[in-house]
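input_22.cif follows; it contains mmCIF, C-alpha atoms.
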data_upload
loop_
_atom_site.group_PDB
_atom_site.id
_atom_site.type_symbol
_atom_site.label_atom_id
_atom_site.label_comp_id
_atom_site.auth_asym_id
_atom_site.auth_seq_id
_atom_site.Cartn_x
_atom_site.Cartn_y
_atom_site.Cartn_z
ATOM 1 C CA MET A 11 173.785 79.247 152.210
ATOM 2 C CA TYR A 12 175.524 80.045 148.997
ATOM 3 C CA GLN A 13 173.236 77.624 147.301
ATOM 4 C CA ASP A 14 170.181 79.383 148.728
ATOM 5 C CA SER A 15 171.271 82.743 147.398
ATOM 6 C CA PHE A 16 172.037 81.111 144.071
ATOM 7 C CA TYR A 17 168.502 79.780 143.862
ATOM 8 C CA ILE A 18 167.063 83.199 144.731
ATOM 9 C CA LEU A 19 169.184 84.733 141.991
ATOM 10 C CA ASN A 20 168.040 82.034 139.687
ATOM 11 C CA SER A 21 164.366 82.673 140.390
ATOM 12 C CA VAL A 22 164.772 86.436 139.915
ATOM 13 C CA PHE A 23 166.401 85.934 136.541
ATOM 14 C CA SER A 24 164.376 82.920 135.552
ATOM 15 C CA LEU A 25 164.462 84.183 131.975
ATOM 16 C CA SER A 26 168.040 82.959 131.783
ATOM 17 C CA GLU A 27 167.327 79.562 133.226
ATOM 18 C CA ILE A 28 168.174 76.588 131.095
ATOM 19 C CA GLU A 29 166.961 73.027 131.332
ATOM 20 C CA VAL A 30 168.891 70.261 129.648
ATOM 21 C CA GLY A 31 167.051 67.032 129.044
ATOM 22 C CA ALA A 32 163.594 68.323 130.040
ATOM 23 C CA HIS A 33 160.996 67.824 127.340
ATOM 24 C CA LEU A 34 157.329 68.489 126.737
ATOM 25 C CA TYR A 35 156.144 64.958 126.006
ATOM 26 C CA TRP A 36 153.297 64.228 123.604
ATOM 27 C CA GLU A 37 151.954 60.686 123.616
ATOM 28 C CA VAL A 38 151.016 59.638 120.078
ATOM 29 C CA ALA A 39 150.167 55.972 119.471
ATOM 30 C CA GLY A 40 152.406 54.808 122.311
ATOM 31 C CA LEU A 41 155.312 56.947 121.129
ATOM 32 C CA LYS A 42 156.736 59.737 123.235
ATOM 33 C CA LEU A 43 157.336 62.831 121.124
ATOM 34 C CA HIS A 44 159.284 65.908 122.150
ATOM 35 C CA GLY A 45 156.539 68.491 121.701
ATOM 36 C CA GLN A 46 158.686 71.620 121.961
ATOM 37 C CA VAL A 47 160.771 70.501 118.987
ATOM 38 C CA PHE A 48 157.658 70.005 116.862
ATOM 39 C CA ILE A 49 156.169 73.379 117.769
ATOM 40 C CA VAL A 50 159.298 75.325 116.850
ATOM 41 C CA SER A 51 160.089 73.333 113.726
ATOM 42 C CA TRP A 52 156.533 73.754 112.423
ATOM 43 C CA LEU A 53 156.931 77.485 112.954
ATOM 44 C CA VAL A 54 160.234 77.392 111.086
ATOM 45 C CA ILE A 55 158.706 75.412 108.221
ATOM 46 C CA THR A 56 155.753 77.814 108.030
ATOM 47 C CA ALA A 57 158.096 80.797 107.922
ATOM 48 C CA LEU A 58 160.219 79.242 105.180
ATOM 49 C CA LEU A 59 157.162 78.296 103.120
ATOM 50 C CA GLY A 60 155.754 81.781 103.611
ATOM 51 C CA PHE A 61 158.951 83.346 102.325
ATOM 52 C CA ALA A 62 159.003 81.015 99.332
ATOM 53 C CA ILE A 63 155.356 81.675 98.442
ATOM 54 C CA VAL A 64 155.573 85.444 98.851
ATOM 55 C CA GLY A 65 158.845 85.514 96.913
ATOM 56 C CA THR A 66 157.482 83.600 93.928
ATOM 57 C CA ARG A 67 153.908 84.901 93.815
ATOM 58 C CA ASP A 68 154.484 87.804 91.478
ATOM 59 C CA LEU A 69 157.512 86.894 89.358
ATOM 60 C CA LYS A 70 159.047 89.644 87.270
ATOM 61 C CA GLN A 71 161.719 89.662 84.600
ATOM 62 C CA ALA A 72 163.713 92.255 86.550
ATOM 63 C CA PRO A 73 163.500 91.052 90.163
ATOM 64 C CA LYS A 74 163.221 93.482 93.025
ATOM 65 C CA GLY A 75 162.328 93.391 96.684
ATOM 66 C CA ILE A 76 161.696 89.947 98.115
ATOM 67 C CA GLN A 77 162.018 88.182 94.753
ATOM 68 C CA ASN A 78 165.507 89.644 94.406
ATOM 69 C CA PHE A 79 166.393 88.435 97.883
ATOM 70 C CA MET A 80 165.050 84.944 97.230
ATOM 71 C CA GLU A 81 167.010 84.725 93.971
ATOM 72 C CA TYR A 82 170.150 85.735 95.834
ATOM 73 C CA VAL A 83 169.503 83.004 98.419
ATOM 74 C CA TYR A 84 168.866 80.471 95.654
ATOM 75 C CA GLU A 85 172.107 81.337 93.888
ATOM 76 C CA PHE A 86 174.035 81.049 97.146
ATOM 77 C CA LEU A 87 172.590 77.574 97.786
ATOM 78 C CA GLN A 88 173.160 76.543 94.193
ATOM 79 C CA ASP A 89 176.819 77.528 94.542
ATOM 80 C CA ILE A 90 177.245 75.252 97.572
ATOM 81 C CA ALA A 91 176.036 72.278 95.537
ATOM 82 C CA LYS A 92 177.949 73.314 92.410
ATOM 83 C CA ASN A 93 181.250 73.718 94.245
ATOM 84 C CA GLN A 94 181.076 70.312 95.891
ATOM 85 C CA ILE A 95 179.339 68.111 93.309
ATOM 86 C CA GLY A 96 180.569 69.662 90.082
ATOM 87 C CA GLU A 97 179.062 71.480 87.126
ATOM 88 C CA GLU A 98 177.499 68.485 85.334
ATOM 89 C CA GLU A 99 175.613 66.636 88.061
ATOM 90 C CA TYR A 100 174.787 69.150 90.766
ATOM 91 C CA ARG A 101 171.309 70.138 89.581
ATOM 92 C CA PRO A 102 169.179 67.248 91.007
ATOM 93 C CA TRP A 103 170.768 67.698 94.460
ATOM 94 C CA VAL A 104 170.164 71.415 94.867
ATOM 95 C CA PRO A 105 166.692 70.909 96.445
ATOM 96 C CA TYR A 106 167.992 68.580 99.146
ATOM 97 C CA ILE A 107 171.011 70.690 100.032
ATOM 98 C CA ALA A 108 168.993 73.904 99.960
ATOM 99 C CA THR A 109 166.290 72.404 102.186
ATOM 100 C CA VAL A 110 168.817 71.162 104.727
ATOM 101 C CA PHE A 111 170.611 74.488 104.787
ATOM 102 C CA LEU A 112 167.470 76.584 105.110
ATOM 103 C CA PHE A 113 165.906 74.378 107.783
ATOM 104 C CA ILE A 114 169.034 74.282 109.948
ATOM 105 C CA PHE A 115 169.745 77.970 109.458
ATOM 106 C CA ALA A 116 166.195 79.043 110.245
ATOM 107 C CA SER A 117 165.999 76.685 113.236
ATOM 108 C CA ASN A 118 169.239 77.974 114.720
ATOM 109 C CA TRP A 119 168.305 81.598 114.255
ATOM 110 C CA ALA A 120 164.753 81.032 115.485
ATOM 111 C CA GLY A 121 166.171 79.531 118.668
ATOM 112 C CA ALA A 122 168.531 82.466 119.166
ATOM 113 C CA LEU A 123 166.416 85.430 118.052
ATOM 114 C CA ILE A 124 162.894 84.729 119.315
ATOM 115 C CA PRO A 125 162.492 85.244 123.093
ATOM 116 C CA TRP A 126 161.031 81.793 123.733
ATOM 117 C CA LYS A 127 161.539 82.075 127.506
ATOM 118 C CA LEU A 128 158.528 84.408 127.687
ATOM 119 C CA ILE A 129 156.303 81.464 126.763
ATOM 120 C CA GLN A 130 155.886 79.068 129.658
ATOM 121 C CA LEU A 131 155.470 75.370 128.958
ATOM 122 C CA PRO A 132 154.369 72.823 131.563
ATOM 123 C CA GLU A 133 157.664 71.026 131.077
ATOM 124 C CA GLY A 134 160.768 71.716 129.031
ATOM 125 C CA GLU A 135 161.208 74.916 127.077
ATOM 126 C CA LEU A 136 160.963 76.171 123.541
ATOM 127 C CA ALA A 137 164.348 76.512 121.839
ATOM 128 C CA ALA A 138 166.061 75.761 118.566
ATOM 129 C CA PRO A 139 164.891 72.355 117.279
ATOM 130 C CA THR A 140 168.512 71.553 116.432
ATOM 131 C CA ASN A 141 169.481 71.453 120.110
ATOM 132 C CA ASP A 142 167.679 68.117 120.359
ATOM 133 C CA ILE A 143 169.943 65.255 119.309
ATOM 134 C CA ASN A 144 167.035 63.401 117.690
ATOM 135 C CA VAL A 145 166.580 66.181 115.131
ATOM 136 C CA THR A 146 170.243 66.314 114.186
ATOM 137 C CA VAL A 147 170.506 62.525 113.973
ATOM 138 C CA ALA A 148 167.459 62.487 111.695
ATOM 139 C CA LEU A 149 169.025 65.122 109.438
ATOM 140 C CA ALA A 150 172.354 63.275 109.368
ATOM 141 C CA LEU A 151 170.662 59.962 108.512
ATOM 142 C CA LEU A 152 168.770 61.718 105.706
ATOM 143 C CA THR A 153 172.141 62.773 104.336
ATOM 144 C CA SER A 154 173.377 59.183 104.593
ATOM 145 C CA PHE A 155 170.365 57.857 102.698
ATOM 146 C CA THR A 156 170.738 60.587 100.104
ATOM 147 C CA TYR A 157 174.333 59.832 99.271
ATOM 148 C CA PHE A 158 173.658 56.103 99.150
ATOM 149 C CA TYR A 159 170.752 56.806 96.815
ATOM 150 C CA ALA A 160 172.917 59.102 94.711
ATOM 151 C CA GLY A 161 175.638 56.490 94.334
ATOM 152 C CA LEU A 162 173.292 53.549 93.742
ATOM 153 C CA SER A 163 171.110 55.365 91.228
ATOM 154 C CA LYS A 164 174.125 56.451 89.217
ATOM 155 C CA LYS A 165 176.347 53.365 89.322
ATOM 156 C CA GLY A 166 173.977 50.598 90.349
ATOM 157 C CA ILE A 167 175.566 47.767 92.292
ATOM 158 C CA GLY A 168 178.968 48.923 91.073
ATOM 159 C CA TYR A 169 178.723 51.654 93.707
ATOM 160 C CA PHE A 170 179.959 49.170 96.301
ATOM 161 C CA ALA A 171 183.218 48.769 94.400
ATOM 162 C CA LYS A 172 184.345 51.977 96.105
ATOM 163 C CA TYR A 173 184.702 50.029 99.356
ATOM 164 C CA VAL A 174 187.702 48.113 98.023
ATOM 165 C CA ARG A 175 189.376 51.196 96.598
ATOM 166 C CA PRO A 176 192.295 51.867 96.524
ATOM 167 C CA THR A 177 193.082 48.448 98.095
ATOM 168 C CA PRO A 178 190.858 45.785 99.711
ATOM 169 C CA ILE A 179 192.836 46.280 102.943
ATOM 170 C CA LEU A 180 190.931 49.511 103.481
ATOM 171 C CA LEU A 181 187.551 47.721 103.419
ATOM 172 C CA PRO A 182 186.913 47.963 107.201
ATOM 173 C CA ILE A 183 187.832 51.638 107.272
ATOM 174 C CA ASN A 184 185.628 52.362 104.274
ATOM 175 C CA ILE A 185 182.698 50.643 105.955
ATOM 176 C CA LEU A 186 183.399 52.427 109.219
ATOM 177 C CA GLU A 187 183.289 55.724 107.363
ATOM 178 C CA ASP A 188 179.615 55.221 106.548
ATOM 179 C CA PHE A 189 178.911 55.162 110.274
ATOM 180 C CA THR A 190 181.210 57.960 111.341
ATOM 181 C CA LYS A 191 179.809 60.354 108.741
ATOM 182 C CA PRO A 192 176.308 60.640 110.261
ATOM 183 C CA LEU A 193 177.777 60.443 113.762
ATOM 184 C CA SER A 194 180.075 63.401 113.287
ATOM 185 C CA LEU A 195 177.467 65.378 111.322
ATOM 186 C CA SER A 196 174.860 65.015 114.040
ATOM 187 C CA PHE A 197 177.191 65.560 117.008
ATOM 188 C CA ARG A 198 178.745 68.632 115.438
ATOM 189 C CA LEU A 199 175.429 70.371 114.878
ATOM 190 C CA PHE A 200 173.889 69.282 118.188
ATOM 191 C CA GLY A 201 176.960 70.170 120.253
ATOM 192 C CA ASN A 202 177.461 73.553 118.660
ATOM 193 C CA ILE A 203 173.878 74.686 119.086
ATOM 194 C CA LEU A 204 173.558 73.377 122.630
ATOM 195 C CA ALA A 205 176.947 74.890 123.536
ATOM 196 C CA ASP A 206 175.848 78.272 122.195
ATOM 197 C CA GLU A 207 172.661 78.207 124.233
ATOM 198 C CA LEU A 208 174.476 77.033 127.375
ATOM 199 C CA VAL A 209 177.140 79.736 127.087
ATOM 200 C CA VAL A 210 174.536 82.439 126.550
ATOM 201 C CA SER A 211 172.458 81.294 129.502
ATOM 202 C CA VAL A 212 175.479 80.988 131.809
ATOM 203 C CA PHE A 213 176.484 84.542 130.892
ATOM 204 C CA ALA A 214 172.910 85.735 131.316
ATOM 205 C CA LEU A 215 172.828 84.081 134.733
ATOM 206 C CA LEU A 216 176.013 85.830 135.877
ATOM 207 C CA VAL A 217 175.407 89.262 134.304
ATOM 208 C CA PRO A 218 171.854 89.568 133.042
ATOM 209 C CA ILE A 219 172.240 92.736 130.953
ATOM 210 C CA LEU A 220 174.470 93.837 128.096
ATOM 211 C CA ILE A 221 177.372 91.418 128.697
ATOM 212 C CA PRO A 222 175.742 88.396 126.988
ATOM 213 C CA LEU A 223 175.083 90.432 123.822
ATOM 214 C CA PRO A 224 178.483 89.880 122.118
ATOM 215 C CA VAL A 225 178.250 86.184 122.944
ATOM 216 C CA MET A 226 174.768 86.072 121.422
ATOM 217 C CA THR A 227 176.106 87.711 118.263
ATOM 218 C CA LEU A 228 178.916 85.183 118.138
ATOM 219 C CA GLY A 229 176.277 82.471 118.576
ATOM 220 C CA LEU A 230 174.293 83.796 115.614
ATOM 221 C CA PHE A 231 177.431 83.750 113.473
ATOM 222 C CA ALA A 232 178.474 80.281 114.656
ATOM 223 C CA SER A 233 175.035 78.814 114.050
ATOM 224 C CA SER A 234 174.905 80.151 110.489
ATOM 225 C CA VAL A 235 178.364 78.645 109.883
ATOM 226 C CA GLN A 236 177.070 75.321 111.230
ATOM 227 C CA ALA A 237 174.205 75.378 108.720
ATOM 228 C CA LEU A 238 176.726 76.099 105.965
ATOM 229 C CA ILE A 239 178.973 73.269 107.155
ATOM 230 C CA PHE A 240 176.168 70.747 107.350
ATOM 231 C CA SER A 241 174.996 71.486 103.816
ATOM 232 C CA THR A 242 178.539 71.695 102.421
ATOM 233 C CA LEU A 243 179.409 68.330 103.933
ATOM 234 C CA SER A 244 176.178 66.776 102.663
ATOM 235 C CA ALA A 245 177.005 68.055 99.208
ATOM 236 C CA ALA A 246 180.584 66.782 99.518
ATOM 237 C CA TYR A 247 179.371 63.296 100.507
ATOM 238 C CA ILE A 248 176.923 63.227 97.604
ATOM 239 C CA GLY A 249 179.654 64.415 95.272
ATOM 240 C CA GLU A 250 181.976 61.705 96.582
ATOM 241 C CA ALA A 251 179.321 59.048 95.932
ATOM 242 C CA LEU A 252 178.809 60.321 92.376
ATOM 243 C CA GLU A 253 182.510 60.551 91.564
ATOM 244 C CA ASP A 254 183.879 58.409 88.745
ATOM 245 C CA HIS A 255 186.965 56.344 89.436
ATOM 246 C CA HIS A 256 187.930 55.586 85.884
ATOM 247 C CA MET B 26 173.706 58.289 143.124
ATOM 248 C CA ASN B 27 176.985 56.841 144.314
ATOM 249 C CA PRO B 28 179.116 59.839 145.448
ATOM 250 C CA ILE B 29 182.242 58.411 143.852
ATOM 251 C CA VAL B 30 180.443 58.096 140.536
ATOM 252 C CA SER B 31 179.188 61.679 140.680
ATOM 253 C CA ALA B 32 182.599 63.043 141.698
ATOM 254 C CA ALA B 33 184.323 61.083 138.946
ATOM 255 C CA SER B 34 181.723 62.257 136.410
ATOM 256 C CA VAL B 35 182.240 65.910 137.266
ATOM 257 C CA VAL B 36 186.045 65.595 137.077
ATOM 258 C CA ALA B 37 185.807 63.633 133.847
ATOM 259 C CA SER B 38 183.437 66.113 132.220
ATOM 260 C CA GLY B 39 185.781 68.963 133.064
ATOM 261 C CA LEU B 40 188.742 67.059 131.689
ATOM 262 C CA SER B 41 186.943 65.981 128.533
ATOM 263 C CA VAL B 42 186.336 69.566 127.402
ATOM 264 C CA GLY B 43 189.719 70.774 128.565
ATOM 265 C CA LEU B 44 191.716 68.021 126.888
ATOM 266 C CA ALA B 45 189.596 68.151 123.744
ATOM 267 C CA ALA B 46 190.373 71.861 123.429
ATOM 268 C CA ILE B 47 194.164 71.399 123.236
ATOM 269 C CA GLY B 48 194.486 69.800 119.815
ATOM 270 C CA PRO B 49 191.972 71.965 117.952
ATOM 271 C CA GLY B 50 193.507 75.040 119.639
ATOM 272 C CA ILE B 51 196.911 74.252 118.183
ATOM 273 C CA GLY B 52 195.352 73.370 114.837
ATOM 274 C CA GLN B 53 193.302 76.550 114.626
ATOM 275 C CA GLY B 54 196.357 78.611 115.477
ATOM 276 C CA THR B 55 198.353 76.976 112.696
ATOM 277 C CA ALA B 56 195.520 77.384 110.196
ATOM 278 C CA ALA B 57 195.001 81.046 111.061
ATOM 279 C CA ALA B 58 198.729 81.734 110.829
ATOM 280 C CA GLN B 59 198.928 80.157 107.392
ATOM 281 C CA ALA B 60 195.856 82.079 106.256
ATOM 282 C CA VAL B 61 197.372 85.381 107.383
ATOM 283 C CA GLU B 62 200.542 84.490 105.527
ATOM 284 C CA GLY B 63 198.512 83.669 102.433
ATOM 285 C CA ILE B 64 196.628 86.962 102.609
ATOM 286 C CA ALA B 65 199.891 88.898 103.090
ATOM 287 C CA ARG B 66 201.345 87.193 100.050
ATOM 288 C CA GLN B 67 198.241 87.464 97.894
ATOM 289 C CA PRO B 68 195.880 90.162 99.200
ATOM 290 C CA GLU B 69 193.553 89.767 96.206
ATOM 291 C CA ALA B 70 192.665 86.218 97.316
ATOM 292 C CA GLU B 71 191.496 87.404 100.740
ATOM 293 C CA GLY B 72 187.831 86.567 100.237
ATOM 294 C CA ARG B 73 188.402 82.965 99.232
ATOM 295 C CA ILE B 74 191.029 82.422 101.933
ATOM 296 C CA ARG B 75 188.694 83.787 104.577
ATOM 297 C CA GLY B 76 185.854 81.526 103.470
ATOM 298 C CA THR B 77 188.018 78.420 103.494
ATOM 299 C CA LEU B 78 189.564 79.408 106.822
ATOM 300 C CA LEU B 79 186.190 79.859 108.520
ATOM 301 C CA LEU B 80 184.960 76.533 107.206
ATOM 302 C CA SER B 81 188.049 74.653 108.358
ATOM 303 C CA LEU B 82 188.055 76.430 111.731
ATOM 304 C CA ALA B 83 184.511 75.214 112.270
ATOM 305 C CA PHE B 84 185.629 71.680 111.416
ATOM 306 C CA MET B 85 188.364 71.864 114.036
ATOM 307 C CA GLU B 86 185.993 73.386 116.523
ATOM 308 C CA SER B 87 183.708 70.400 116.145
ATOM 309 C CA LEU B 88 186.426 68.212 117.702
ATOM 310 C CA THR B 89 186.153 70.208 120.910
ATOM 311 C CA ILE B 90 182.403 69.982 120.609
ATOM 312 C CA TYR B 91 182.663 66.181 120.669
ATOM 313 C CA GLY B 92 184.384 66.535 124.037
ATOM 314 C CA LEU B 93 181.609 68.863 125.105
ATOM 315 C CA VAL B 94 178.966 66.333 124.076
ATOM 316 C CA VAL B 95 180.714 63.735 126.255
ATOM 317 C CA ALA B 96 180.820 66.223 129.122
ATOM 318 C CA LEU B 97 177.119 67.034 128.750
ATOM 319 C CA ALA B 98 176.246 63.352 128.616
ATOM 320 C CA LEU B 99 178.180 62.786 131.843
ATOM 321 C CA LEU B 100 176.534 65.747 133.575
ATOM 322 C CA PHE B 101 172.931 65.555 132.389
ATOM 323 C CA ALA B 102 172.415 62.048 131.038
ATOM 324 C CA ASN B 103 174.858 60.002 133.066
ATOM 325 C CA PRO B 104 174.493 56.320 132.167
ATOM 326 C CA PHE B 105 176.106 55.153 135.425
ATOM 327 C CA THR B 106 173.659 56.723 137.871
ATOM 328 C CA ALA B 107 171.689 53.572 138.640
#
Let me see whether you can do it: turn the structure in this file into structure tokens.
Amino acid sequence: MYQDSFYILNSVFSLSEIEVGAHLYWEVAGLKLHGQVFIVSWLVITALLGFAIVGTRDLKQAPKGIQNFMEYVYEFLQDIAKNQIGEEEYRPWVPYIATVFLFIFASNWAGALIPWKLIQLPEGELAAPTNDINVTVALALLTSFTYFYAGLSKKGIGYFAKYVRPTPILLPINILEDFTKPLSLSFRLFGNILADELVVSVFALLVPILIPLPVMTLGLFASSVQALIFSTLSAAYIGEALEDHH
Amino acid sequence: MNPIVSAASVVASGLSVGLAAIGPGIGQGTAAAQAVEGIARQPEAEGRIRGTLLLSLAFMESLTIYGLVVALALLFANPFTA
């Protein structure tokens, strides 16, 4: 009986329903793609590109309006890279770190701010792309490739000497670190975003008005911090790979 | 699904979040206490201390989130359901 009334409640407030593990599948060349992730991330990419194009279309010596805002954003992102990698070598890595930050930030906020529940999909639901573990694993692996590339392009094969530093006894731990880095990066982002959405929808299920608002605000703050953490850590890993040990 | 498996999964998912919250809770408390002390000693460094504190709090929080990921896997993607 309790369950029946719960389901009635649930159908009345179906806007607060949440489905975990339900996806809108697209079949492309025998591969199953999670369609809802693609739709939202294309929107995010379009929005980011739009901002970039509008911000740089009419460049002025004394910036104002959107150009001013975009320059502020650029300086913020540049500072992340500069603080972690160092003054001399940070410049080539700003694009990667800035892209990662902006994509994660915009994805998280798009998932939280746009009322996706109003759009019905045949299966699954539209939400932040970062609440799918495949997206966060892809981003974390990109970071792995980037820091390997950074180290190899700077030091050549000598990059691998860092595995036997400070002593060869630490070799297994140093190798293990290359696997735990993407693992923790991806789980952190995925878990935080999914946890935010779950908490908000549980609150919205219990009390559908007003009460979930502070939690939503907290979620917005937490998801922007997660974007900052992901890009800071990426920059730190790249900086670590570029570091000189002499 | 085997009822014992489902019961054990529910208990385990509750425990995994609860236990994973203990350590980071203590750690976050210590970090926040030290940050407050630092701000009281050097109020002009408040901005930098706050930034570092928030970043390290989020790192600690991610440890609980790992527990949460395990709990979610047990609840929604249980590998032992067959």
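Closest to Gly229 (chain A) among A:Asn118, A:Ser196, A:Gln94, A:Asn78 is A:Asn118, based on only C-alpha atoms.
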Item checked: Distance of CA of Asp206 (chain A) from CA of Thr242 (chain A), expressed in Å to one decimal place ->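 If I compute the distance from CA of Thr242 (chain A) to CA of Asp206 (chain A), I get 21.0 Å.
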Margin query: For the provided coordinates, the residues matched by the PyMOL selection byres ((chain B) within 9 of (chain A)) should be stated as a list in words.
Written below: Leu79, Leu80, Ala83, Phe84, Glu86, Ser87, Leu88, Ile90, Tyr91, Leu93, Val94, Leu97, Phe101 and Ala102 of chain B
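Of the residues under consideration (B:Ala96, B:Ala32, B:Ala70, B:Ile64), B:Ala96 shows the shortest atom-to-atom contact distance to Ala45 (chain B) when counting all atoms listed in the file.
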Check: Between A:Ala160, A:Val212, A:Leu223, A:Thr153, which has the minimum distance to Pro102 (chain A) (counting all atoms listed in the file)?
Finding: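 Result for the nearest residue to Pro102 (chain A): A:Ala160.
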Margin query: Quick check, in Å to one decimal: how far apart do CA of Ser234 (chain A) and CA of Phe158 (chain A) lie?
Written below: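 Pair CA of Ser234 (chain A) / CA of Phe158 (chain A) returns 26.6 Å.
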Check: Expressed in Å to a single decimal, how great is the separation between CA of Val95 (chain B) and CA of Ala56 (chain B)?
Finding: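 Atom-to-atom, CA of Val95 (chain B) and CA of Ala56 (chain B) are spaced 25.8 Å apart.
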Write out as JSON an axis-aligned box for region 64-79 of chain B: all of its atoms listed in the file, 6 Å added on each side, centre and edge lengths in Å with one decimal.
{"center_x": 193.6, "center_y": 84.3, "center_z": 102.4, "size_x": 27.5, "size_y": 23.7, "size_z": 24.3}
